[in-house]
Structures are given as C-alpha cells and as structure tokens.
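start-v1.pdb, holding PDB, C-alpha atoms, pLDDT in the B column:
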```pdb
ATOM      1  CA  MET A  80      30.858  18.955 -19.044  1.00 36.00           C
ATOM      2  CA  VAL A  81      28.799  19.120 -15.917  1.00 37.00           C
ATOM      3  CA  THR A  82      25.495  17.786 -17.286  1.00 39.00           C
ATOM      4  CA  GLY A  83      24.239  16.418 -20.543  1.00 43.00           C
ATOM      5  CA  THR A  84      26.361  16.112 -23.628  1.00 44.00           C
ATOM      6  CA  PRO A  85      29.341  18.436 -23.480  1.00 45.00           C
ATOM      7  CA  LYS A  86      30.135  20.778 -26.256  1.00 50.00           C
ATOM      8  CA  THR A  87      33.210  19.874 -28.242  1.00 45.00           C
ATOM      9  CA  ARG A  88      35.905  22.300 -27.267  1.00 50.00           C
ATOM     10  CA  ARG A  89      38.699  22.777 -29.713  1.00 47.00           C
ATOM     11  CA  ARG A  90      42.038  22.207 -28.090  1.00 46.00           C
ATOM     12  CA  HIS A  91      44.696  24.840 -28.275  1.00 49.00           C
ATOM     13  CA  ALA A  92      48.318  24.231 -27.529  1.00 46.00           C
ATOM     14  CA  SER A  93      49.807  26.305 -24.750  1.00 45.00           C
ATOM     15  CA  PRO A  94      51.283  29.609 -25.948  1.00 45.00           C
ATOM     16  CA  PRO A  95      54.687  28.932 -27.489  1.00 44.00           C
ATOM     17  CA  MET A  96      57.542  29.164 -25.036  1.00 44.00           C
ATOM     18  CA  ARG A  97      60.443  31.469 -25.741  1.00 45.00           C
ATOM     19  CA  SER A  98      63.882  29.993 -25.624  1.00 43.00           C
ATOM     20  CA  PRO A  99      65.323  29.839 -22.092  1.00 41.00           C
ATOM     21  CA  SER A 100      67.834  32.538 -22.958  1.00 41.00           C
ATOM     22  CA  SER A 101      64.993  35.011 -23.553  1.00 44.00           C
ATOM     23  CA  TYR A 102      63.910  34.769 -19.923  1.00 42.00           C
ATOM     24  CA  ARG A 103      65.780  36.540 -17.168  1.00 51.00           C
ATOM     25  CA  ALA A 104      67.622  33.577 -15.590  1.00 55.00           C
ATOM     26  CA  ARG A 105      64.664  31.335 -16.476  1.00 83.00           C
ATOM     27  CA  ASP A 106      62.550  33.252 -13.997  1.00 93.00           C
ATOM     28  CA  ALA A 107      59.141  31.962 -12.848  1.00 96.00           C
ATOM     29  CA  LEU A 108      57.798  35.448 -12.175  1.00 95.00           C
ATOM     30  CA  ASP A 109      58.613  36.565 -15.710  1.00 95.00           C
ATOM     31  CA  LEU A 110      56.807  33.477 -17.003  1.00 95.00           C
ATOM     32  CA  LEU A 111      53.718  34.150 -14.872  1.00 96.00           C
ATOM     33  CA  GLN A 112      53.700  37.799 -15.928  1.00 96.00           C
ATOM     34  CA  ARG A 113      53.721  36.735 -19.577  1.00 96.00           C
ATOM     35  CA  ASP A 114      50.642  34.611 -18.856  1.00 96.00           C
ATOM     36  CA  HIS A 115      48.950  37.683 -17.397  1.00 96.00           C
ATOM     37  CA  GLU A 116      49.833  39.687 -20.490  1.00 97.00           C
ATOM     38  CA  GLN A 117      48.374  36.950 -22.684  1.00 97.00           C
ATOM     39  CA  VAL A 118      45.127  36.988 -20.678  1.00 97.00           C
ATOM     40  CA  ARG A 119      44.861  40.753 -21.133  1.00 97.00           C
ATOM     41  CA  LYS A 120      45.583  40.425 -24.851  1.00 97.00           C
ATOM     42  CA  LEU A 121      42.833  37.832 -25.317  1.00 97.00           C
ATOM     43  CA  LEU A 122      40.338  39.985 -23.408  1.00 97.00           C
ATOM     44  CA  ARG A 123      41.226  42.998 -25.571  1.00 96.00           C
ATOM     45  CA  GLU A 124      40.806  40.903 -28.723  1.00 95.00           C
ATOM     46  CA  PHE A 125      37.418  39.712 -27.528  1.00 96.00           C
ATOM     47  CA  ASP A 126      36.361  43.275 -26.698  1.00 94.00           C
ATOM     48  CA  ARG A 127      37.245  44.415 -30.229  1.00 93.00           C
ATOM     49  CA  LEU A 128      35.070  41.657 -31.673  1.00 92.00           C
ATOM     50  CA  ARG A 129      32.283  42.514 -29.239  1.00 91.00           C
ATOM     51  CA  GLN A 130      32.333  46.119 -30.398  1.00 89.00           C
ATOM     52  CA  ALA A 131      32.241  44.958 -34.036  1.00 87.00           C
ATOM     53  CA  GLY A 132      28.803  43.416 -33.420  1.00 81.00           C
ATOM     54  CA  ALA A 133      27.644  40.698 -35.826  1.00 73.00           C
ATOM     55  CA  VAL A 134      30.797  41.093 -37.891  1.00 70.00           C
ATOM     56  CA  GLY A 135      32.906  39.889 -34.981  1.00 70.00           C
ATOM     57  CA  GLN A 136      30.813  36.903 -33.910  1.00 78.00           C
ATOM     58  CA  GLU A 137      32.818  34.289 -35.807  1.00 79.00           C
ATOM     59  CA  GLY A 138      36.057  34.684 -33.884  1.00 90.00           C
ATOM     60  CA  LYS A 139      34.612  34.935 -30.379  1.00 94.00           C
ATOM     61  CA  ALA A 140      34.474  31.222 -29.610  1.00 93.00           C
ATOM     62  CA  ASP A 141      38.097  30.699 -30.609  1.00 94.00           C
ATOM     63  CA  ILE A 142      39.281  33.502 -28.329  1.00 96.00           C
ATOM     64  CA  VAL A 143      37.136  32.253 -25.443  1.00 95.00           C
ATOM     65  CA  ASP A 144      38.470  28.706 -25.855  1.00 94.00           C
ATOM     66  CA  ARG A 145      42.041  29.984 -25.624  1.00 95.00           C
ATOM     67  CA  LEU A 146      41.205  32.277 -22.717  1.00 96.00           C
ATOM     68  CA  CYS A 147      39.516  29.551 -20.671  1.00 95.00           C
ATOM     69  CA  ASP A 148      42.321  27.083 -21.365  1.00 94.00           C
ATOM     70  CA  LEU A 149      44.945  29.619 -20.276  1.00 95.00           C
ATOM     71  CA  LEU A 150      43.070  30.702 -17.139  1.00 96.00           C
ATOM     72  CA  SER A 151      42.455  27.099 -16.113  1.00 94.00           C
ATOM     73  CA  LEU A 152      46.133  26.285 -16.525  1.00 94.00           C
ATOM     74  CA  CYS A 153      47.202  29.431 -14.648  1.00 94.00           C
ATOM     75  CA  ALA A 154      44.858  28.633 -11.750  1.00 93.00           C
ATOM     76  CA  GLN A 155      46.240  25.111 -11.525  1.00 92.00           C
ATOM     77  CA  ILE A 156      49.851  26.356 -11.573  1.00 94.00           C
ATOM     78  CA  GLU A 157      49.119  28.913  -8.876  1.00 92.00           C
ATOM     79  CA  GLU A 158      47.368  26.406  -6.626  1.00 90.00           C
ATOM     80  CA  GLU A 159      49.819  23.551  -7.012  1.00 92.00           C
ATOM     81  CA  LEU A 160      53.165  25.289  -7.538  1.00 94.00           C
ATOM     82  CA  PHE A 161      53.262  29.039  -6.887  1.00 93.00           C
ATOM     83  CA  TYR A 162      51.185  29.684  -3.755  1.00 90.00           C
ATOM     84  CA  PRO A 163      52.767  26.827  -1.763  1.00 90.00           C
ATOM     85  CA  VAL A 164      56.192  28.399  -2.420  1.00 91.00           C
ATOM     86  CA  VAL A 165      55.334  32.020  -1.588  1.00 90.00           C
ATOM     87  CA  ARG A 166      52.818  31.534   1.232  1.00 88.00           C
ATOM     88  CA  PRO A 167      55.393  30.606   3.924  1.00 89.00           C
ATOM     89  CA  VAL A 168      57.520  33.715   3.297  1.00 88.00           C
ATOM     90  CA  LEU A 169      54.883  36.389   2.627  1.00 86.00           C
ATOM     91  CA  HIS A 170      52.498  38.003   5.071  1.00 82.00           C
ATOM     92  CA  SER A 171      48.949  36.780   4.584  1.00 77.00           C
ATOM     93  CA  SER A 172      47.810  40.338   3.778  1.00 76.00           C
ATOM     94  CA  ALA A 173      49.997  40.291   0.644  1.00 78.00           C
ATOM     95  CA  LEU A 174      48.408  37.119  -0.671  1.00 80.00           C
ATOM     96  CA  ALA A 175      44.767  37.706   0.295  1.00 76.00           C
ATOM     97  CA  PRO A 176      43.820  40.367  -2.320  1.00 74.00           C
ATOM     98  CA  THR A 177      45.185  38.137  -5.077  1.00 74.00           C
ATOM     99  CA  LEU A 178      42.599  35.554  -4.087  1.00 74.00           C
ATOM    100  CA  LEU A 179      39.665  37.982  -4.228  1.00 69.00           C
ATOM    101  CA  CYS A 180      38.806  36.212  -7.451  1.00 73.00           C
ATOM    102  CA  ASP A 181      39.161  32.779  -5.916  1.00 81.00           C
ATOM    103  CA  HIS A 182      39.631  29.861  -8.241  1.00 89.00           C
ATOM    104  CA  ALA A 183      36.326  28.268  -7.262  1.00 89.00           C
ATOM    105  CA  ARG A 184      34.532  31.395  -8.478  1.00 91.00           C
ATOM    106  CA  LEU A 185      36.635  31.474 -11.645  1.00 94.00           C
ATOM    107  CA  ARG A 186      35.750  27.854 -12.425  1.00 93.00           C
ATOM    108  CA  ARG A 187      32.047  28.594 -11.925  1.00 93.00           C
ATOM    109  CA  LEU A 188      32.331  31.487 -14.379  1.00 95.00           C
ATOM    110  CA  ILE A 189      34.115  29.290 -16.927  1.00 95.00           C
ATOM    111  CA  ALA A 190      31.459  26.599 -16.474  1.00 95.00           C
ATOM    112  CA  ARG A 191      28.717  29.162 -17.088  1.00 93.00           C
ATOM    113  CA  LEU A 192      30.466  30.449 -20.212  1.00 93.00           C
ATOM    114  CA  ASP A 193      31.055  26.921 -21.491  1.00 91.00           C
ATOM    115  CA  GLU A 194      27.278  26.404 -21.666  1.00 92.00           C
ATOM    116  CA  LEU A 195      26.760  29.427 -23.912  1.00 93.00           C
ATOM    117  CA  GLU A 196      27.294  30.108 -27.600  1.00 92.00           C
ATOM    118  CA  PRO A 197      28.598  33.445 -28.933  1.00 92.00           C
ATOM    119  CA  ALA A 198      25.150  34.448 -30.210  1.00 90.00           C
ATOM    120  CA  ASP A 199      23.431  33.692 -26.885  1.00 93.00           C
ATOM    121  CA  PRO A 200      22.222  36.522 -24.666  1.00 91.00           C
ATOM    122  CA  GLY A 201      24.652  36.993 -21.838  1.00 93.00           C
ATOM    123  CA  TYR A 202      27.704  35.572 -23.627  1.00 94.00           C
ATOM    124  CA  ASP A 203      29.571  38.880 -23.756  1.00 94.00           C
ATOM    125  CA  GLU A 204      28.628  39.630 -20.148  1.00 95.00           C
ATOM    126  CA  ALA A 205      29.933  36.205 -19.069  1.00 96.00           C
ATOM    127  CA  VAL A 206      33.314  37.007 -20.611  1.00 96.00           C
ATOM    128  CA  ALA A 207      33.274  40.422 -18.913  1.00 96.00           C
ATOM    129  CA  ASP A 208      32.551  38.744 -15.575  1.00 96.00           C
ATOM    130  CA  ILE A 209      35.687  36.655 -16.024  1.00 96.00           C
ATOM    131  CA  GLY A 210      37.661  39.795 -16.808  1.00 96.00           C
ATOM    132  CA  ASP A 211      36.289  41.550 -13.730  1.00 94.00           C
ATOM    133  CA  CYS A 212      37.292  38.511 -11.692  1.00 93.00           C
ATOM    134  CA  VAL A 213      40.871  38.062 -12.860  1.00 94.00           C
ATOM    135  CA  LEU A 214      42.156  41.514 -13.868  1.00 94.00           C
ATOM    136  CA  PRO A 215      42.326  43.059 -10.371  1.00 91.00           C
ATOM    137  CA  SER A 216      43.930  39.900  -8.993  1.00 90.00           C
ATOM    138  CA  MET A 217      46.568  39.884 -11.720  1.00 92.00           C
ATOM    139  CA  GLU A 218      47.342  43.550 -11.102  1.00 92.00           C
ATOM    140  CA  HIS A 219      47.796  42.915  -7.393  1.00 89.00           C
ATOM    141  CA  ALA A 220      49.931  39.861  -8.066  1.00 91.00           C
ATOM    142  CA  GLN A 221      52.332  41.842 -10.235  1.00 92.00           C
ATOM    143  CA  THR A 222      52.586  44.950  -8.074  1.00 90.00           C
ATOM    144  CA  VAL A 223      52.607  43.319  -4.628  1.00 88.00           C
ATOM    145  CA  LEU A 224      52.921  39.548  -4.645  1.00 90.00           C
ATOM    146  CA  PHE A 225      55.643  39.223  -7.286  1.00 93.00           C
ATOM    147  CA  VAL A 226      57.643  42.037  -5.713  1.00 92.00           C
ATOM    148  CA  GLY A 227      57.426  40.389  -2.307  1.00 91.00           C
ATOM    149  CA  ALA A 228      58.379  36.995  -3.686  1.00 91.00           C
ATOM    150  CA  ARG A 229      61.442  38.422  -5.416  1.00 91.00           C
ATOM    151  CA  SER A 230      62.490  40.382  -2.334  1.00 92.00           C
ATOM    152  CA  ALA A 231      62.252  37.200  -0.267  1.00 92.00           C
ATOM    153  CA  GLY A 232      65.024  35.661  -2.354  1.00 90.00           C
ATOM    154  CA  LEU A 233      63.030  32.605  -3.436  1.00 91.00           C
ATOM    155  CA  ASP A 234      64.523  30.342  -6.088  1.00 93.00           C
ATOM    156  CA  MET A 235      62.510  31.499  -9.079  1.00 94.00           C
ATOM    157  CA  ALA A 236      64.718  29.573 -11.524  1.00 94.00           C
ATOM    158  CA  ALA A 237      63.828  26.255  -9.878  1.00 95.00           C
ATOM    159  CA  LEU A 238      60.149  27.196  -9.809  1.00 95.00           C
ATOM    160  CA  HIS A 239      60.387  28.132 -13.491  1.00 96.00           C
ATOM    161  CA  GLU A 240      61.568  24.613 -14.311  1.00 95.00           C
ATOM    162  CA  ARG A 241      58.708  23.073 -12.312  1.00 95.00           C
ATOM    163  CA  ILE A 242      56.145  25.245 -14.105  1.00 96.00           C
ATOM    164  CA  VAL A 243      57.559  24.381 -17.541  1.00 94.00           C
ATOM    165  CA  ARG A 244      57.429  20.658 -16.747  1.00 93.00           C
ATOM    166  CA  HIS A 245      53.862  21.025 -15.503  1.00 92.00           C
ATOM    167  CA  ARG A 246      52.820  22.814 -18.692  1.00 91.00           C
ATOM    168  CA  ARG A 247      54.280  20.088 -20.860  1.00 89.00           C
ATOM    169  CA  ALA A 248      52.445  17.418 -18.871  1.00 88.00           C
ATOM    170  CA  GLN A 249      49.131  19.251 -19.255  1.00 84.00           C
ATOM    171  CA  GLN A 250      49.338  20.176 -22.935  1.00 74.00           C
ATOM    172  CA  GLN A 251      47.174  17.290 -24.111  1.00 61.00           C
ATOM    173  CA  GLN A 252      44.498  17.730 -21.469  1.00 64.00           C
ATOM    174  CA  ASP A 253      41.367  19.832 -21.731  1.00 52.00           C
ATOM    175  CA  LEU A 254      41.904  21.708 -18.491  1.00 50.00           C
ATOM    176  CA  THR A 255      38.530  23.437 -18.669  1.00 48.00           C
ATOM    177  CA  ARG A 256      36.809  20.068 -18.276  1.00 47.00           C
ATOM    178  CA  ILE A 257      38.650  19.013 -15.125  1.00 46.00           C
ATOM    179  CA  GLY A 258      36.423  19.430 -12.122  1.00 49.00           C
ATOM    180  CA  LEU A 259      34.161  22.135 -13.525  1.00 49.00           C
ATOM    181  CA  PRO A 260      31.339  22.860 -11.090  1.00 50.00           C
ATOM    182  CA  THR A 261      27.744  23.460 -12.046  1.00 50.00           C
ATOM    183  CA  PRO A 262      27.423  27.182 -12.706  1.00 50.00           C
ATOM    184  CA  LYS A 263      25.498  28.716  -9.803  1.00 49.00           C
ATOM    185  CA  SER A 264      25.358  32.346 -10.792  1.00 46.00           C
ATOM    186  CA  THR A 265      22.478  33.715 -12.835  1.00 44.00           C
ATOM    187  CA  PRO A 266      23.567  35.701 -15.877  1.00 42.00           C
ATOM    188  CA  VAL A 267      22.618  39.373 -15.748  1.00 40.00           C
ATOM    189  CA  TYR A 268      21.901  40.509 -19.253  1.00 38.00           C
ATOM    190  CA  GLY A 269      22.619  44.049 -20.293  1.00 41.00           C
ATOM    191  CA  ALA A 270      25.436  46.351 -21.330  1.00 43.00           C
ATOM    192  CA  TRP A 271      29.106  45.474 -21.152  1.00 43.00           C
ATOM    193  CA  PRO A 272      29.989  46.049 -17.457  1.00 45.00           C
ATOM    194  CA  PRO A 273      31.922  49.305 -17.080  1.00 42.00           C
ATOM    195  CA  ALA A 274      34.167  47.722 -14.428  1.00 44.00           C
ATOM    196  CA  CYS A 275      35.738  45.550 -17.123  1.00 47.00           C
ATOM    197  CA  HIS A 276      37.940  48.156 -18.834  1.00 45.00           C
ATOM    198  CA  LEU A 277      39.301  45.844 -21.482  1.00 49.00           C
ATOM    199  CA  SER A 278      39.867  48.483 -24.118  1.00 45.00           C
ATOM    200  CA  GLU A 279      41.993  50.567 -21.756  1.00 48.00           C
ATOM    201  CA  MET A 280      44.495  47.852 -20.756  1.00 46.00           C
TER     202      MET A 280
END
```
Translate this structure into structure tokens?
Amino acid sequence: MVTGTPKTRRRHASPPMRSPSSYRARDALDLLQRDHEQVRKLLREFDRLRQAGAVGQEGKADIVDRLCDLLSLCAQIEEELFYPVVRPVLHSSALAPTLLCDHARLRRLIARLDELEPADPGYDEAVADIGDCVLPSMEHAQTVLFVGARSAGLDMAALHERIVRHRRAQQQQDLTRIGLPTPKSTPVYGAWPPACHLSEM
C-alpha cells in the first residue's frame, strides 16, 4: 500500500472466460463490454448491501475487492492495449469523453477506498465516487467509441487474443497494489450521491 502496513487484500481470480465459441468471432469489443457489465453488476450488488444497512456489512469488502481488481485490470488493458489501437483511427473528440474519468483519478479513488473498512464513515461514498467516475465513461465507450472502432474495420479478433493473454499473465498479481498513488481527495461524508444511479442500471 502507499504508506504503513498494507491491508491484506484477498485475491480474486479474473471472471471466468466463456469458451471462444461463445464470443462473436472472439471479439475484443464484446469482451470489454462484458467487463463493463460486470462492473455494473458489482456496483448494483454493493448498492443492495448498502441499502440493507448493518445486515449487509459483511459482504461489502468482498464486492469492493472484486470491483477494484476488475477496474484496475480494465484500466491497464485500456492503456496498454485498447487505446493505442483505436487512437490512430478515431477522431480525438470520440476518445476524449471516455477519459473524463482518467485512470489517474480512478487509481486515487481506489487508493482512498483501500484505506477504509466497510464500517468506516465515508466507505459507501467512496464506492459511489468510483461509480460516478467510471459509469459515464463506460456508457460513452459503448455508444461511441466501440461503434467507431468497429466501423473503422480494426482487427478485433487479434486484439481479443492480446487481451486474453494479458489477463492470464496478470491473474496472480494484485493489480490494485501496482503504482497506487497516495489518495489526495478528502472524503465528503453524507448521503449516497444521487449522481450514482446504481439501482437503476
């Protein structure tokens, strides 16, 4: 962790891959969209536990561990594999809104959350901040960026293979501990932010 003795984070294997035949031509965009769906599912699960109050406290840490692992892996895949492929063929205006939640900000939010326990004040709000960061970017990616990438005729099957190999290489690493910055934002305690419409996804 950034300072002191890090908390022990339970490791979670990457979400199980479907057989290649279940993907449309082993398509990278389908794979990335499934990651987005998994992020939304984890945020909805967390929101249900949040609404359950004390009854739901026990499962929060497990969901957050899986969420942070998945988001860290997705950010790494986008930076190292996806954006370098699509940037040369797409207009910068198509890519820019996807980066509104830039990965540096996302890593600061994960670092902040990693210092909290589920019973701490501000824990739920820290998860909501992550949702507010990534949900609009994922929506833009699917409705604009993915459409543009497919229209450009890029080899999504080859990119799919590169992403799968990358996942396998990273499975044994704790991605949330790689290069985490010191959290700079100050938690704002209060109600669940209305901008994070997790229950409506």
On this structure, the PyMOL selection byres ((chain A and resi 241) around 12) would catch which residues? List them as an NGL selection string, sorted by chain and number. :A and (105-107 or 110 or 156-157 or 159-161 or 164 or 234-240 or 242-248)
Selected by the PyMOL selection byres ((chain A and resi 119) around 10) in the shown coordinates: which residues, as a tab-separated table (two decimals) with C-alpha atoms, in the coordinates of the input?
```tsv
chain	number	residue	atom	x	y	z
A	113	ARG	CA	53.72	36.74	-19.58
A	114	ASP	CA	50.64	34.61	-18.86
A	115	HIS	CA	48.95	37.68	-17.40
A	116	GLU	CA	49.83	39.69	-20.49
A	117	GLN	CA	48.37	36.95	-22.68
A	118	VAL	CA	45.13	36.99	-20.68
A	120	LYS	CA	45.58	40.42	-24.85
A	121	LEU	CA	42.83	37.83	-25.32
A	122	LEU	CA	40.34	39.98	-23.41
A	123	ARG	CA	41.23	43.00	-25.57
A	124	GLU	CA	40.81	40.90	-28.72
A	125	PHE	CA	37.42	39.71	-27.53
A	146	LEU	CA	41.20	32.28	-22.72
A	210	GLY	CA	37.66	39.80	-16.81
A	213	VAL	CA	40.87	38.06	-12.86
A	214	LEU	CA	42.16	41.51	-13.87
A	217	MET	CA	46.57	39.88	-11.72
A	277	LEU	CA	39.30	45.84	-21.48
A	278	SER	CA	39.87	48.48	-24.12
A	280	MET	CA	44.50	47.85	-20.76
```
Explicit residue set for the PyMOL selection byres ((chain A and resi 225-230) around 12), as a PDB file with C-alpha atoms, keeping the file's coordinate frame:
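Full text of selection-v2.pdb as output:
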```pdb
ATOM      1  CA  ASP A 106      62.550  33.252 -13.997  1.00 93.00           C
ATOM      2  CA  ALA A 107      59.141  31.962 -12.848  1.00 96.00           C
ATOM      3  CA  LEU A 108      57.798  35.448 -12.175  1.00 95.00           C
ATOM      4  CA  ASP A 109      58.613  36.565 -15.710  1.00 95.00           C
ATOM      5  CA  LEU A 110      56.807  33.477 -17.003  1.00 95.00           C
ATOM      6  CA  LEU A 111      53.718  34.150 -14.872  1.00 96.00           C
ATOM      7  CA  GLN A 112      53.700  37.799 -15.928  1.00 96.00           C
ATOM      8  CA  PHE A 161      53.262  29.039  -6.887  1.00 93.00           C
ATOM      9  CA  TYR A 162      51.185  29.684  -3.755  1.00 90.00           C
ATOM     10  CA  PRO A 163      52.767  26.827  -1.763  1.00 90.00           C
ATOM     11  CA  VAL A 164      56.192  28.399  -2.420  1.00 91.00           C
ATOM     12  CA  VAL A 165      55.334  32.020  -1.588  1.00 90.00           C
ATOM     13  CA  ARG A 166      52.818  31.534   1.232  1.00 88.00           C
ATOM     14  CA  PRO A 167      55.393  30.606   3.924  1.00 89.00           C
ATOM     15  CA  VAL A 168      57.520  33.715   3.297  1.00 88.00           C
ATOM     16  CA  LEU A 169      54.883  36.389   2.627  1.00 86.00           C
ATOM     17  CA  HIS A 170      52.498  38.003   5.071  1.00 82.00           C
ATOM     18  CA  SER A 171      48.949  36.780   4.584  1.00 77.00           C
ATOM     19  CA  SER A 172      47.810  40.338   3.778  1.00 76.00           C
ATOM     20  CA  ALA A 173      49.997  40.291   0.644  1.00 78.00           C
ATOM     21  CA  LEU A 174      48.408  37.119  -0.671  1.00 80.00           C
ATOM     22  CA  THR A 177      45.185  38.137  -5.077  1.00 74.00           C
ATOM     23  CA  SER A 216      43.930  39.900  -8.993  1.00 90.00           C
ATOM     24  CA  MET A 217      46.568  39.884 -11.720  1.00 92.00           C
ATOM     25  CA  GLU A 218      47.342  43.550 -11.102  1.00 92.00           C
ATOM     26  CA  HIS A 219      47.796  42.915  -7.393  1.00 89.00           C
ATOM     27  CA  ALA A 220      49.931  39.861  -8.066  1.00 91.00           C
ATOM     28  CA  GLN A 221      52.332  41.842 -10.235  1.00 92.00           C
ATOM     29  CA  THR A 222      52.586  44.950  -8.074  1.00 90.00           C
ATOM     30  CA  VAL A 223      52.607  43.319  -4.628  1.00 88.00           C
ATOM     31  CA  LEU A 224      52.921  39.548  -4.645  1.00 90.00           C
ATOM     32  CA  ALA A 231      62.252  37.200  -0.267  1.00 92.00           C
ATOM     33  CA  GLY A 232      65.024  35.661  -2.354  1.00 90.00           C
ATOM     34  CA  LEU A 233      63.030  32.605  -3.436  1.00 91.00           C
ATOM     35  CA  ASP A 234      64.523  30.342  -6.088  1.00 93.00           C
ATOM     36  CA  MET A 235      62.510  31.499  -9.079  1.00 94.00           C
ATOM     37  CA  ALA A 236      64.718  29.573 -11.524  1.00 94.00           C
ATOM     38  CA  LEU A 238      60.149  27.196  -9.809  1.00 95.00           C
TER      39      LEU A 238
END
```
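Between CA of Arg187 (chain A) and CA of Gly132 (chain A) the interatomic distance comes to 26.3 Å.
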Point-to-point distance in Å for CA of Ser151 (chain A) and CA of Ala198 (chain A):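 Straight-line distance from CA of Ala198 (chain A) to CA of Ser151 (chain A) works out to 23.5 Å.
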What's the separation between CA of Asp193 (chain A) and CA of Asp148 (chain A), in Å to one decimal place?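 Atom-to-atom, CA of Asp193 (chain A) and CA of Asp148 (chain A) are spaced 11.3 Å apart.
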Tell me which of A:Ala190, A:Glu204, A:Asp211, A:Asp181 sits closest to Glu158 (chain A), counting all atoms listed in the file.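 Smallest distance to Glu158 (chain A) is found for A:Asp181.
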